[in-house]
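Working notes, structure below.
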Amino acid sequence: MNLQQFLDRLNARDALREALGREDGITAWKVAPAREAVYGEWPAALDPRLADVLARRGVSRLYSHQAEAVNHVLEGRNVVVVTPTASGKTLCYNLPVVNAVLADPAVRALYLFPTKALSQDQVAELHDLVTALGAEIKTFTYDGDTSPSARQAIRQAGHIVVTNPDMLHSGILPHHTKWVKLFENLRYVVIDEIHQYRGVFGSHVANVLRRLRRICRFYGTDPVFICCSATIANPTELAEKLVGAPVALVDRNGAPSGERHFICYNPPVVNKELGIRRSSLLEGKRWAAELLKNGISTIVFARSRIAVEVLLVYLQEALGKDGAKQVRGYRGGYLPLERRAIEQGLRNGSVRGVVATNALELGIDIGSLEAAVLVGYPGSVSSTWQQAGRAGRRSGVSLSVLVASSNPLDQYLITHPDYFFGRPPEHGWINPDNLPILISHLKCAAFELPFADGEQFGVETTGEILEFLVEEKILHHTGGRYYWTQESFPAEEVSLRSASRENFVVVDLTRRDQPRVIGEVDRFSAPMLIHEQAIYLHGGEQYQIERLDYENRKAYARRVEVDYYTDANLAVNLKVLDVAREERLELGAFRAWGEVQVNALVTMFKKIKLHTHENLGFGQVHLPEEEMHTTSFWLSFPSEVEQGFRADELQGALAGLANVLHHVAPLYLLSDPHDLRVACQVKSPFTQRPTVFLYDSYPGGVGLSQKLFENCADLLRSARELIAGCACGGGCPSCVGPAEEVGAAGKAGALRLLEGV
């Protein structure tokens with residue numbers, strides 16, 4: 001059976017529909033028609049040899065967006081290309097870069113990719129192009145796996161250096177004197193998948209690029225930036241904040257596409273009162289198994305490494321001995337050669353199915369798959385379309401199935417499919433001027449090159465910050481310049497994944513003879529995530545924290561396999577320090593945004609069963625209080641609202657509403673729920689009213705709460721629709737939270753609060 005026959009049977013409501021869409025769990029089925037290619041003129045300034053090579057490889061013309069992007073770059077303009085998966089973005093940067101090296105062998109280019117797998121995939125494609133040209137263009141990957149013997153040759157001879165932001169930050173910029181040939185001749189900087197650079201990570205990367213441009217100016221170069229992205233709401237704004245310069249937008253996709261089907265599926269309810277649904281893993285397995293049994297090549301996306309391995313076992317059992325050989329897993333932790341073999345198997349057809357984490361969401365070439373099954377909402381509209389786009393990468397019909405979990409955000413989207421299909425992708429938010437992040441990179445920049453009086457590093461207050469570092473005896477001011485005075489190497493102390501330099505490291509003790517650091521957690525998140533007995537999730541693997549050495553910033557863990565995760569209870573004392581914006585709403589409510597001080601103390605933790613979210617028990621936590629200054633959005637309700645509640649009911653209603661707002665907020669932000677935290681006060685000392693706060697979970701804030709202030713009406717509307725549309729009685733994990741946590745009146749109370757605004 002081919003995919004079109006499969007879809008016809010599904011649409012005809014025969015036995016296949018009954019088996020897969022039971023209780024009519026299919027909440028939406030959208031069809032995007034096939035699209036013809038739109039071509040552009042071949043740029044006259046490109047070397048004719050490039051046209052000949054591409055013609056031999058079956059590319060006789062460029063798509064319109066490729067031609068437009070190449071022309072911008074050849075005319076010296078920075079560019080950001082925003083088109084779907086499999087639209088040929090790679091040629092948008094490879095053509096101008098290779099063209100420049102063909103014209104002048106001294107030219108250098110720097111490619112930045114967010115993952116090693118993507119780096120290697122793109123390098124392989126570039127090697128094929130260069131080999132076909134027969135040109136002497138040397139391309140090297142420079143990352144943590146590069147051998148010391150190869151590093152010197154790359155510095156001297158690499159025309160194109162492929163790396164990642166972390167390596168640029170700690171391995172290249174601080175040692176720029178060893179990279180003189182690169183920086184003196186740097187013509188182009190390619191930044192792929194820029195939608196990955198958001199929040200704290202993106203704020204760090206923007207400062208790394210500030211340092212890069214500063215070093216380039218020192219060596220007399222001003223490279224052109226070529227950025228590529230999946231579809232996001234603000235690509236120009238994000239790219240310009242990242243590179244610190246104007247950027248031309250190319251977003252009219254000229255690549256062809258086959259007919260695309262997208263199905264939203266909600267697993268059946270197994271306990272209506274508690275709001276518990278059948279496991280999304282089991283339902284995802286049924287869809288994938290049925291597709292693979294019918295010979296339809298399929299990719300299954302799961303949210304964690306554990307889920308990948310569980311699904312892989314389920315599918316291999318369902319397909320039998322022969323079929324099992326054609327289904328493979330793909331996730332972080334697999335050896336590079338194993339991943340390459342799986343990618344090759346997908347391209348040549350020997351592998352018909354793959355179960356993957358979002359490691360395969362990015363633009364790695366995995367050939368032509370016909371169907372994609374997404375087990376759980378990927379967290380953003382952008383990621384959803386990225387994962388769905390891995391099916392039907394060439395032509396013909398393709399199918400994507402989104403199988404919802406019981407998570408409130410999943411349930412909102414699966415029961416409001418028109419909202420999902422009708423809304424644009426999220427914004428990518430960064431704040432490069434976040435003070436802790438900015439100071440960290442000012443130190444790194446001062447180590448690399450002394451600052452001159454009056455020199456700015458992104459902000460007008462650069463001089464004041466430099467003077468502060470002089471007072472702290474980190475810098476020394478003499479002769480009109482600020483010099484680094486410490487013996488330490490500042491880049492080693494700065495993690496691009498955290499706003500705080502006081503990170504805790506997590507040490508895996510599973511093998512006593514070989515302890516290893518598996519991750520790090522910022523200081524402010526540590527009490528929540530790595531308290532003793534916490535289940536720490538790293539890349540989908542489960543680790544239990546056995547001991548937390550708070551003074552030395554180390555947590556010791558051991559790998560376990562349990563059916564629950566832990567969620568710490570944070571007692572928050574929040575004080576408003578400054579109100580940046582405030583607005584009165586209807587019926588006497590207020591919305592506001594400003595700076596807050598958060599004093600947080602973790603007092604206990606809950607054990608929550610995977611998939612069903614049942615509470616399995618509690619545990620105590622004994623750790624000191626943490627203090628953080630950040631930014632927050634808050635919503636204050638009219639004092640009259642208290643009259644209809646008992647004190648305990650109002651607390652439950654506020655807690656339920658805060659839980660819903662926390663889960664719905666990612667609809668408007670390209671962020672993870674952990675990037676925000678919530679607090680509620682029955683009578684806020686600042687507002688004198690019942691108030692719910694949503695604050696950035698990083699010191700100084702990264703712009704998320706400000707965006708929520710601006711989208712307040714949409715946020716509240718989505719929250720109300722989610723609660724009102726949930727079929728549970730008094731609260732469940734799919735809306736305000738279990739009734740035992742928010743009270744029997746928690747759900748009704750949260751709705752009354754929303755109706756009050």
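Letters A, B, ... go to the chains of the structure tokens in the order shown; residues in each chain start at 1; ligands are counted from 1 in the same order.
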
**OP:** Using only C-alpha atoms, determine which residues lie at most 10 Å from Gln326 in chain A, disregarding the query and same-chain residues fewer than 2 positions distant; provide the list as a list of chain:residue names.
**Re:** A:Leu292, A:Ser297, A:Gln316, A:Leu319, A:Lys321, A:Asp322, A:Gly323, A:Ala324, A:Arg328, A:Gly345, A:Leu346, A:Gly349, A:Ser350, A:Val351, A:Arg352, A:Gly353, A:Val354

Original post:
Hey, what does DSSP flag as strand (DSSP E or B) within range 451-588 of chain A? Can you give it to me as a VMD selection string?
Top reply: chain A and resid 451 to 452 475 to 478 481 to 484 504 to 508 516 to 521 535 to 538 541 to 549 554 to 559 564 to 584

**OP:** With a distance cut-off of 8 Å and only C-alpha atoms, select the neighbouring residues of Asp410 in chain A, excluding the residue or stretch itself and same-chain residues fewer than 4 positions from it, and output the selection as an MDAnalysis selection string.
**Re:** chainID A and resid 376:377 404:406 414

**OP:** Within 6 Å of range 183-193 of chain A, counting only C-alpha atoms, which residues show up once you throw out same-chain ones fewer than 5 positions away? Write them as number ranges by chain, please.
**Re:** A: 107-113, 216, 219, 223-229

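Contact shell of His159 in chain A at 8 Å (only C-alpha atoms; same-chain neighbours under 6 positions omitted): Val101, Pro105, Ala106, Val107, Arg108, Ala109, Ile137, Lys138, Thr139 and Leu182 of chain A.
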
How would the residues just picked look written out with C-alpha atoms as a compact mmCIF listing (two decimals), in the first residue's frame?
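Output file again21.txt is given in full below:
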# COMPACT_ATOMS: atom_id res chain seq x y z
CA VAL A 101 37.63 31.48 -2.90
CA PRO A 105 42.51 31.79 -2.73
CA ALA A 106 43.40 34.07 0.20
CA VAL A 107 39.70 34.50 1.10
CA ARG A 108 38.49 32.82 4.28
CA ALA A 109 35.01 31.95 5.59
CA ILE A 137 39.46 24.71 -1.44
CA LYS A 138 40.27 23.30 1.97
CA THR A 139 37.35 22.83 4.37
CA LEU A 182 41.58 33.66 9.13

Subject >> Close residues, Glu532 in chain A itself excluded, 7 Å, only C-alpha atoms, min 5 positions apart in chain, as a ChimeraX atom specification >> reply: /A:545-548

Original post:
Using only C-alpha atoms, which residues sit within 6 Å of range 581-592 of chain A once same-chain residues fewer than 6 positions away are excluded, as a PyMOL selection string?
Top reply: chain A and resi 633-638

What would the file look like if the residues just selected were written as an mmCIF file, in the first residue's frame with N, CA and C atoms?
data_model
loop_
_atom_site.group_PDB
_atom_site.id
_atom_site.type_symbol
_atom_site.label_atom_id
_atom_site.label_comp_id
_atom_site.auth_asym_id
_atom_site.auth_seq_id
_atom_site.Cartn_x
_atom_site.Cartn_y
_atom_site.Cartn_z
ATOM 1 N N PHE A 633 6.241 39.974 34.284
ATOM 2 C CA PHE A 633 4.916 40.441 33.899
ATOM 3 C C PHE A 633 3.979 40.054 35.026
ATOM 4 N N TRP A 634 3.076 40.968 35.421
ATOM 5 C CA TRP A 634 2.120 40.582 36.447
ATOM 6 C C TRP A 634 0.729 41.106 36.131
ATOM 7 N N LEU A 635 -0.243 40.355 36.634
ATOM 8 C CA LEU A 635 -1.655 40.637 36.409
ATOM 9 C C LEU A 635 -2.320 40.760 37.775
ATOM 10 N N SER A 636 -2.889 41.950 38.046
ATOM 11 C CA SER A 636 -3.543 42.207 39.334
ATOM 12 C C SER A 636 -5.050 42.250 39.141
ATOM 13 N N PHE A 637 -5.764 41.538 39.990
ATOM 14 C CA PHE A 637 -7.218 41.453 39.869
ATOM 15 C C PHE A 637 -7.890 42.476 40.784
ATOM 16 N N PRO A 638 -9.103 42.904 40.433
ATOM 17 C CA PRO A 638 -9.810 43.871 41.289
ATOM 18 C C PRO A 638 -10.009 43.322 42.697
#

Subject >> DSSP helix (DSSP H, G or I) residues within range 408-530 of chain A, as a PyMOL selection string >> reply: chain A and resi 408-415+417-422+435-448+462-471+490-493+526-529

Return as a tab-separated table the residues of range 380-476 of chain A lying at most 6 Å from range 256-278 of chain A, together with the closest atom-to-atom pair for each and the distance in Å to one decimal, counting only C-alpha atoms, with rows in chain order and ascending residue number.
residue	atom	partner	partner_atom	distance
A:Ser395	CA	A:Gly258	CA	4.6
A:Gly396	CA	A:Gly258	CA	4.6
A:Val397	CA	A:Glu259	CA	4.8
A:Ser398	CA	A:Arg260	CA	4.9
A:Leu399	CA	A:His261	CA	4.7
A:Ser400	CA	A:Phe262	CA	4.8
A:Val401	CA	A:Ile263	CA	4.7
A:Leu402	CA	A:Cys264	CA	5.0
A:Val403	CA	A:Tyr265	CA	5.0
A:Ala404	CA	A:Asn266	CA	5.3

Next, the residues of the selection above should be written as a CSV table (one decimal), in the first residue's frame with N, CA and C atoms.
chain,number,residue,atom,x,y,z
A,395,SER,N,9.3,15.1,-3.3
A,395,SER,CA,8.1,15.4,-4.0
A,395,SER,C,7.1,14.3,-3.6
A,396,GLY,N,5.9,14.4,-4.2
A,396,GLY,CA,4.9,13.4,-3.8
A,396,GLY,C,4.1,13.7,-2.6
A,397,VAL,N,3.2,12.9,-2.2
A,397,VAL,CA,2.4,13.1,-1.0
A,397,VAL,C,3.1,12.8,0.3
A,398,SER,N,2.9,13.6,1.3
A,398,SER,CA,3.5,13.3,2.6
A,398,SER,C,2.4,13.4,3.7
A,399,LEU,N,2.7,12.8,4.9
A,399,LEU,CA,1.8,12.8,6.0
A,399,LEU,C,2.5,13.2,7.3
A,400,SER,N,1.9,14.0,8.1
A,400,SER,CA,2.5,14.3,9.4
A,400,SER,C,1.3,14.1,10.4
A,401,VAL,N,1.6,13.4,11.5
A,401,VAL,CA,0.6,13.2,12.6
A,401,VAL,C,1.1,13.7,13.9
A,402,LEU,N,0.4,14.6,14.5
A,402,LEU,CA,0.7,15.1,15.8
A,402,LEU,C,-0.1,14.4,16.9
A,403,VAL,N,0.5,13.6,17.7
A,403,VAL,CA,-0.2,12.8,18.8
A,403,VAL,C,0.0,13.6,20.1
A,404,ALA,N,-1.1,14.1,20.7
A,404,ALA,CA,-1.0,15.0,21.8
A,404,ALA,C,-0.7,14.2,23.1

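Compared by their closest atoms to Gly199 in chain A, and using only C-alpha atoms, the residues A:Ile437, A:Leu657, A:Leu54, A:Val506 rank with A:Ile437 nearest.
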
**OP:** Name the closest residue to Ile608 in chain A among the candidates A:Ile535, A:Leu667, A:Val53, A:Val162; distances are taken between atoms, counting only C-alpha atoms.
**Re:** A:Ile535

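Proximity of A:Ala713, A:Ala748, A:Ala28, A:Ala69 to Pro43 in chain A, computed with only C-alpha atoms, is greatest for A:Ala69.
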
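Among A:Arg339, A:Arg303, A:Lys325, A:His427, the residue with the shortest atom-to-atom distance to Pro235 in chain A, counting only C-alpha atoms, is A:His427.
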
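For the pair CA of His441 in chain A and CA of Arg497 in chain A, the interatomic distance is 13.3 Å.
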
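Shortest atom-to-atom contact with Arg752 in chain A among A:Val641, A:Ala37, A:Ile172, A:Val81: A:Val641, counting only C-alpha atoms.
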
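Pairwise distance (CA of Glu649 in chain A, CA of Lys683 in chain A) equals 13.5 Å.
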
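Between Asp143 in chain A and the residues A:Leu168, A:Val692, A:Ile439, A:Ala388, the shortest atom-to-atom distance, using only C-alpha atoms, involves A:Leu168.
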